[in-house]
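Undergrad: Okay, so here is data09.pdb, and as you'll see once you scroll down, it has PDB, C-alpha atoms, pLDDT in the B column.
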ATOM      1  CA  MET M   1      -6.134 -18.725 -20.002  1.00 55.00           C
ATOM      2  CA  THR M   2      -9.010 -18.088 -17.611  1.00 60.00           C
ATOM      3  CA  ASP M   3      -7.787 -20.800 -15.193  1.00 82.00           C
ATOM      4  CA  SER M   4      -4.236 -19.477 -15.264  1.00 91.00           C
ATOM      5  CA  PRO M   5      -2.848 -17.621 -12.237  1.00 96.00           C
ATOM      6  CA  LEU M   6      -3.393 -13.858 -12.225  1.00 97.00           C
ATOM      7  CA  VAL M   7      -0.361 -11.577 -11.948  1.00 98.00           C
ATOM      8  CA  LEU M   8      -0.848  -7.908 -11.059  1.00 98.00           C
ATOM      9  CA  VAL M   9       1.879  -5.738 -12.616  1.00 98.00           C
ATOM     10  CA  VAL M  10       2.434  -2.380 -10.878  1.00 97.00           C
ATOM     11  CA  ASP M  11       4.758  -0.060 -12.797  1.00 95.00           C
ATOM     12  CA  ASP M  12       4.497   3.556 -13.927  1.00 94.00           C
ATOM     13  CA  ASP M  13       6.432   2.847 -17.136  1.00 93.00           C
ATOM     14  CA  GLU M  14       4.000   1.880 -19.899  1.00 95.00           C
ATOM     15  CA  ASP M  15       6.679   0.116 -21.977  1.00 94.00           C
ATOM     16  CA  CYS M  16       7.778  -1.947 -18.982  1.00 92.00           C
ATOM     17  CA  ARG M  17       4.172  -2.953 -18.243  1.00 94.00           C
ATOM     18  CA  ALA M  18       3.703  -3.964 -21.885  1.00 95.00           C
ATOM     19  CA  SER M  19       6.872  -6.090 -21.972  1.00 93.00           C
ATOM     20  CA  LEU M  20       5.986  -7.726 -18.654  1.00 95.00           C
ATOM     21  CA  ARG M  21       2.482  -8.460 -19.940  1.00 96.00           C
ATOM     22  CA  GLU M  22       3.891 -10.044 -23.103  1.00 95.00           C
ATOM     23  CA  ALA M  23       6.387 -12.215 -21.199  1.00 95.00           C
ATOM     24  CA  LEU M  24       3.822 -13.301 -18.623  1.00 96.00           C
ATOM     25  CA  GLU M  25       1.109 -14.098 -21.145  1.00 96.00           C
ATOM     26  CA  HIS M  26       3.656 -16.131 -23.106  1.00 95.00           C
ATOM     27  CA  ALA M  27       4.310 -18.074 -19.869  1.00 95.00           C
ATOM     28  CA  GLN M  28       0.557 -18.774 -19.562  1.00 95.00           C
ATOM     29  CA  PHE M  29      -0.330 -16.224 -16.866  1.00 97.00           C
ATOM     30  CA  ASN M  30      -3.314 -13.901 -16.834  1.00 97.00           C
ATOM     31  CA  VAL M  31      -2.156 -10.318 -16.381  1.00 97.00           C
ATOM     32  CA  ASP M  32      -3.703  -7.170 -14.985  1.00 96.00           C
ATOM     33  CA  ASP M  33      -1.627  -3.991 -14.846  1.00 96.00           C
ATOM     34  CA  VAL M  34      -1.813  -0.587 -13.189  1.00 96.00           C
ATOM     35  CA  GLN M  35       0.418   2.482 -13.286  1.00 94.00           C
ATOM     36  CA  SER M  36       0.888   3.249  -9.568  1.00 94.00           C
ATOM     37  CA  GLY M  37       0.879   1.808  -6.084  1.00 94.00           C
ATOM     38  CA  ARG M  38      -2.277   3.804  -5.339  1.00 95.00           C
ATOM     39  CA  ALA M  39      -4.084   2.341  -8.360  1.00 95.00           C
ATOM     40  CA  ALA M  40      -2.949  -1.152  -7.315  1.00 96.00           C
ATOM     41  CA  LEU M  41      -4.219  -0.651  -3.789  1.00 95.00           C
ATOM     42  CA  ASP M  42      -7.564   0.649  -5.069  1.00 95.00           C
ATOM     43  CA  ARG M  43      -7.869  -2.417  -7.301  1.00 96.00           C
ATOM     44  CA  LEU M  44      -6.918  -4.863  -4.542  1.00 96.00           C
ATOM     45  CA  LEU M  45      -9.443  -3.377  -2.121  1.00 94.00           C
ATOM     46  CA  ARG M  46     -12.353  -3.713  -4.552  1.00 93.00           C
ATOM     47  CA  ARG M  47     -14.497  -6.640  -3.435  1.00 90.00           C
ATOM     48  CA  ASP M  48     -15.440  -7.545  -7.015  1.00 93.00           C
ATOM     49  CA  ALA M  49     -11.850  -7.701  -8.308  1.00 90.00           C
ATOM     50  CA  PRO M  50     -10.186 -11.121  -8.523  1.00 93.00           C
ATOM     51  CA  GLU M  51      -7.275 -11.558  -6.143  1.00 94.00           C
ATOM     52  CA  PRO M  52      -3.928 -11.902  -7.912  1.00 97.00           C
ATOM     53  CA  SER M  53      -1.683 -14.871  -7.221  1.00 97.00           C
ATOM     54  CA  VAL M  54       1.388 -12.601  -7.327  1.00 97.00           C
ATOM     55  CA  ILE M  55       2.125  -8.871  -7.496  1.00 97.00           C
ATOM     56  CA  LEU M  56       5.062  -7.624  -9.615  1.00 96.00           C
ATOM     57  CA  LEU M  57       6.075  -4.258  -8.216  1.00 94.00           C
ATOM     58  CA  ASP M  58       8.317  -1.422  -9.335  1.00 91.00           C
ATOM     59  CA  LEU M  59       9.708   0.594  -6.419  1.00 87.00           C
ATOM     60  CA  GLU M  60      10.133   4.024  -7.979  1.00 86.00           C
ATOM     61  CA  MET M  61       6.705   5.383  -8.919  1.00 89.00           C
ATOM     62  CA  PRO M  62       4.868   8.655  -8.413  1.00 88.00           C
ATOM     63  CA  ILE M  63       1.735   8.968  -6.253  1.00 87.00           C
ATOM     64  CA  MET M  64       2.628   5.945  -4.071  1.00 89.00           C
ATOM     65  CA  THR M  65       6.048   4.328  -4.225  1.00 87.00           C
ATOM     66  CA  GLY M  66       6.501   0.591  -4.174  1.00 88.00           C
ATOM     67  CA  THR M  67       7.844   0.760  -0.622  1.00 87.00           C
ATOM     68  CA  GLU M  68       4.802   2.748   0.531  1.00 91.00           C
ATOM     69  CA  PHE M  69       2.546   0.254  -1.243  1.00 93.00           C
ATOM     70  CA  ILE M  70       4.199  -2.675   0.537  1.00 92.00           C
ATOM     71  CA  MET M  71       3.786  -1.029   3.947  1.00 91.00           C
ATOM     72  CA  VAL M  72       0.068  -0.459   3.344  1.00 92.00           C
ATOM     73  CA  VAL M  73      -0.508  -3.965   1.932  1.00 93.00           C
ATOM     74  CA  GLU M  74       1.185  -5.494   4.982  1.00 91.00           C
ATOM     75  CA  SER M  75      -1.478  -3.870   7.187  1.00 91.00           C
ATOM     76  CA  TYR M  76      -4.253  -5.906   5.493  1.00 92.00           C
ATOM     77  CA  TYR M  77      -4.152  -9.588   6.448  1.00 91.00           C
ATOM     78  CA  ARG M  78      -5.894 -10.733   3.259  1.00 90.00           C
ATOM     79  CA  LEU M  79      -3.512  -8.763   1.058  1.00 93.00           C
ATOM     80  CA  SER M  80      -0.365  -9.490   3.051  1.00 91.00           C
ATOM     81  CA  ARG M  81      -0.563 -13.149   1.979  1.00 93.00           C
ATOM     82  CA  ILE M  82      -0.082 -12.273  -1.725  1.00 95.00           C
ATOM     83  CA  PRO M  83       3.569 -12.750  -2.743  1.00 95.00           C
ATOM     84  CA  ILE M  84       5.264  -9.558  -3.951  1.00 95.00           C
ATOM     85  CA  VAL M  85       8.090  -9.682  -6.473  1.00 94.00           C
ATOM     86  CA  VAL M  86      10.039  -6.432  -6.754  1.00 91.00           C
ATOM     87  CA  VAL M  87      11.142  -5.727 -10.323  1.00 89.00           C
ATOM     88  CA  THR M  88      13.965  -3.196 -10.376  1.00 82.00           C
ATOM     89  CA  GLY M  89      16.896  -1.998 -12.422  1.00 78.00           C
ATOM     90  CA  ARG M  90      18.708  -0.758  -9.328  1.00 72.00           C
ATOM     91  CA  GLU M  91      20.244  -2.585  -6.445  1.00 64.00           C
ATOM     92  CA  PRO M  92      17.275  -2.828  -4.092  1.00 56.00           C
ATOM     93  CA  LEU M  93      17.704  -1.262  -0.682  1.00 56.00           C
ATOM     94  CA  LEU M  94      15.292  -3.729   0.857  1.00 51.00           C
ATOM     95  CA  ALA M  95      16.540  -6.218   3.383  1.00 45.00           C
ATOM     96  CA  GLY M  96      15.144  -9.250   1.584  1.00 47.00           C
ATOM     97  CA  HIS M  97      11.912 -10.517   3.060  1.00 44.00           C
ATOM     98  CA  ARG M  98      11.867  -7.911   5.817  1.00 54.00           C
ATOM     99  CA  PHE M  99       9.328  -5.707   4.072  1.00 64.00           C
ATOM    100  CA  GLY M 100       7.005  -8.390   2.762  1.00 74.00           C
ATOM    101  CA  VAL M 101       8.991  -8.948  -0.423  1.00 85.00           C
ATOM    102  CA  SER M 102       9.031 -12.562  -1.576  1.00 88.00           C
ATOM    103  CA  ALA M 103      11.611 -12.119  -4.358  1.00 89.00           C
ATOM    104  CA  VAL M 104      13.561  -9.518  -6.313  1.00 86.00           C
ATOM    105  CA  VAL M 105      14.039  -9.755 -10.090  1.00 88.00           C
ATOM    106  CA  ARG M 106      16.497  -7.409 -11.775  1.00 84.00           C
ATOM    107  CA  LYS M 107      15.899  -5.476 -14.988  1.00 82.00           C
ATOM    108  CA  PRO M 108      16.599  -6.136 -17.784  1.00 84.00           C
ATOM    109  CA  LEU M 109      14.327  -9.080 -17.240  1.00 86.00           C
ATOM    110  CA  ASP M 110      15.014 -12.664 -18.130  1.00 91.00           C
ATOM    111  CA  PRO M 111      11.482 -13.888 -18.996  1.00 92.00           C
ATOM    112  CA  ASP M 112      12.294 -17.510 -18.102  1.00 94.00           C
ATOM    113  CA  LEU M 113      13.694 -16.515 -14.700  1.00 94.00           C
ATOM    114  CA  LEU M 114      10.635 -14.349 -14.047  1.00 94.00           C
ATOM    115  CA  ALA M 115       8.250 -17.209 -14.894  1.00 95.00           C
ATOM    116  CA  ARG M 116      10.235 -19.675 -12.741  1.00 95.00           C
ATOM    117  CA  THR M 117      10.266 -17.222  -9.827  1.00 95.00           C
ATOM    118  CA  ILE M 118       6.488 -16.758 -10.000  1.00 96.00           C
ATOM    119  CA  ASN M 119       5.825 -20.467 -10.449  1.00 95.00           C
ATOM    120  CA  ASN M 120       7.991 -21.259  -7.406  1.00 95.00           C
ATOM    121  CA  LEU M 121       6.114 -18.730  -5.294  1.00 94.00           C
ATOM    122  CA  ILE M 122       2.695 -20.081  -6.162  1.00 93.00           C
ATOM    123  CA  GLY M 123       3.673 -23.757  -6.186  1.00 87.00           C
ATOM    124  CA  ARG M 124       2.964 -24.256  -9.878  1.00 77.00           C
TER     125      ARG M 124
END
Re-express the file's structure as C-alpha cells.

TA:
Amino acid sequence: MTDSPLVLVVDDDEDCRASLREALEHAQFNVDDVQSGRAALDRLLRRDAPEPSVILLDLEMPIMTGTEFIMVVESYYRLSRIPIVVVTGREPLLAGHRFGVSAVVRKPLDPDLLARTINNLIGR
C-alpha cells in the first residue's frame, strides 16, 4: 500500500486509534497515528516526514486539544491545505468549515462512511 494515500490519526485513546487504523487499512489507506495534537504537530513539522493526505482528529485530548491543534495548523500555509476530519462522539461545537475543518464524522464510526468521506476530500 505504499502508493496509497496517507492518513494521520490524532487521538489520545489507544483503542480508538487501533480501530481507526484497522478500518483505514482495510479501505486501502496508509496510516500513521499519534496520541496528541502536540505529537501530530511535531510530526507534521519534520521535514523528513511524509505529508498526510488527510488528518483525522479527536477534539478532546490532553497536552494540545484538537481545537488548539487546528488553530496552530491554520497558521502554516503548507499544513493548512491538508483536509482535517474531526472524529467525535459529541455534538461538535465547531461552526463547520470555520475553523479549518473539512468534515465531521461521528463516533461510533461507520467505516464505509469514513472511507467515502476521505476519498471525497482527496478526490479518489

Undergrad: Near M:Arg81, counting only C-alpha atoms, which residues have an atom at most 12 Å away, once you skip same-chain residues fewer than 5 positions from it, shown as a list of chain:residue names?

TA: M:Glu51, M:Pro52, M:Ser53, M:Val54, M:Ile55, M:Ile70, M:Val73, M:Glu74, M:Ser75, M:Tyr76, M:Gly100, M:Val101, M:Ser102, M:Leu121, M:Ile122

Undergrad: Find the spatial neighbours of M:Cys16, counting all atoms listed in the file, within a cut-off of 12 Å - ignore same-chain residues fewer than 3 positions away - and output them as number ranges by chain.

TA: M: 9-13, 19-23, 33-35, 56-58, 87-89, 107-109

Undergrad: Run the PyMOL selection byres ((chain M and resi 104) around 7) mentally over the shown coordinates, then write out the matched residues as a VMD selection string, using the chain letters and numbers from the document.

TA: chain M and resid 85 to 87 103 105 to 106

Undergrad: Go ahead and compute the interatomic distance for atom CA of M:Ser36 and atom CA of M:Pro5, in Å to one decimal.

TA: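 Calculated distance between atom CA of M:Ser36 and atom CA of M:Pro5 is 21.4 Å.
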
Undergrad: Quick one: everything within 9 Å of M:Ala115, counting only C-alpha atoms, minus sequence neighbours fewer than 2 positions away in the same chain. Send it as an mmCIF file with C-alpha atoms, keeping the file's coordinate frame.

TA:
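Output (around-v7.cif):
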data_model
loop_
_atom_site.group_PDB
_atom_site.id
_atom_site.type_symbol
_atom_site.label_atom_id
_atom_site.label_comp_id
_atom_site.auth_asym_id
_atom_site.auth_seq_id
_atom_site.Cartn_x
_atom_site.Cartn_y
_atom_site.Cartn_z
ATOM 1 C CA ALA M 23 6.387 -12.215 -21.199
ATOM 2 C CA LEU M 24 3.822 -13.301 -18.623
ATOM 3 C CA ALA M 27 4.310 -18.074 -19.869
ATOM 4 C CA PHE M 29 -0.330 -16.224 -16.866
ATOM 5 C CA ASP M 110 15.014 -12.664 -18.130
ATOM 6 C CA PRO M 111 11.482 -13.888 -18.996
ATOM 7 C CA ASP M 112 12.294 -17.510 -18.102
ATOM 8 C CA LEU M 113 13.694 -16.515 -14.700
ATOM 9 C CA THR M 117 10.266 -17.222 -9.827
ATOM 10 C CA ILE M 118 6.488 -16.758 -10.000
ATOM 11 C CA ASN M 119 5.825 -20.467 -10.449
ATOM 12 C CA ASN M 120 7.991 -21.259 -7.406
#

Undergrad: Could you check which of M:Ala49, M:Leu41, M:Met61, M:Ala18 is closest to M:Leu6, using all atoms listed in the file?

TA: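 Nearest to M:Leu6: M:Ala49.
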
Undergrad: M:Leu45, M:Glu25, M:Leu114, M:Asn30: which is nearest M:Arg78, counting all atoms listed in the file?

TA: M:Leu45

Undergrad: Tell me, in Å to one decimal, how far atom CA of M:Asp32 is from atom CA of M:Tyr77.

TA: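 So the two atoms, atom CA of M:Asp32 and atom CA of M:Tyr77, lie 21.6 Å apart.
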
Undergrad: Report, in Å with one decimal, the straight-line distance from atom CA of M:Pro83 to atom CA of M:Glu60.

TA: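 Atom-to-atom, atom CA of M:Pro83 to atom CA of M:Glu60, that is 18.8 Å.
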
Undergrad: With only C-alpha atoms as the atoms that count, which of M:Leu8, M:Arg17, M:Arg38, M:His26 lies nearest to M:Glu68?

TA: M:Arg38

Undergrad: I need the residue nearest M:Val72 from this list: M:Gly37, M:Leu59, M:Arg124, M:Asp48. Use all atoms listed in the file for the distance.

TA: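 Distance minimum relative to M:Val72 lands on M:Gly37.
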
Undergrad: Render stretch 39-57 of chain M from the structure in the preceding block as a file of N, CA and C atoms, as a compact mmCIF listing (two decimals), in the first residue's frame.

TA:
# COMPACT_ATOMS: atom_id res chain seq x y z
N ALA M 39 2.01 15.97 19.49
CA ALA M 39 2.78 14.96 18.76
C ALA M 39 2.50 15.04 17.26
N ALA M 40 1.25 15.33 16.90
CA ALA M 40 0.90 15.48 15.48
C ALA M 40 1.61 16.68 14.88
N LEU M 41 1.61 17.78 15.59
CA LEU M 41 2.28 18.98 15.10
C LEU M 41 3.77 18.74 14.94
N ASP M 42 4.39 18.10 15.92
CA ASP M 42 5.82 17.78 15.83
C ASP M 42 6.09 16.92 14.59
N ARG M 43 5.24 15.95 14.34
CA ARG M 43 5.42 15.07 13.19
C ARG M 43 5.24 15.83 11.88
N LEU M 44 4.23 16.69 11.80
CA LEU M 44 3.96 17.44 10.58
C LEU M 44 5.07 18.44 10.25
N LEU M 45 5.72 18.95 11.27
CA LEU M 45 6.77 19.96 11.05
C LEU M 45 8.13 19.34 10.74
N ARG M 46 8.26 18.04 10.88
CA ARG M 46 9.52 17.38 10.50
C ARG M 46 9.64 17.38 8.99
N ARG M 47 10.76 17.83 8.48
CA ARG M 47 10.96 17.91 7.03
C ARG M 47 11.03 16.54 6.38
N ASP M 48 11.48 15.53 7.13
CA ASP M 48 11.65 14.20 6.55
C ASP M 48 10.40 13.33 6.63
N ALA M 49 9.35 13.84 7.26
CA ALA M 49 8.11 13.05 7.40
C ALA M 49 7.23 13.27 6.18
N PRO M 50 6.63 12.19 5.65
CA PRO M 50 5.72 12.36 4.51
C PRO M 50 4.48 13.15 4.94
N GLU M 51 3.99 13.96 4.03
CA GLU M 51 2.81 14.77 4.33
C GLU M 51 1.55 13.91 4.17
N PRO M 52 0.68 13.90 5.16
CA PRO M 52 -0.55 13.12 5.03
C PRO M 52 -1.50 13.75 4.04
N SER M 53 -2.34 12.93 3.45
CA SER M 53 -3.39 13.42 2.55
C SER M 53 -4.56 13.99 3.35
N VAL M 54 -4.77 13.43 4.55
CA VAL M 54 -5.88 13.81 5.42
C VAL M 54 -5.45 13.61 6.87
N ILE M 55 -5.98 14.44 7.76
CA ILE M 55 -5.77 14.28 9.20
C ILE M 55 -7.11 13.95 9.83
N LEU M 56 -7.18 12.84 10.59
CA LEU M 56 -8.37 12.52 11.39
C LEU M 56 -8.07 12.98 12.80
N LEU M 57 -8.92 13.79 13.38
CA LEU M 57 -8.59 14.48 14.62
C LEU M 57 -9.69 14.36 15.67
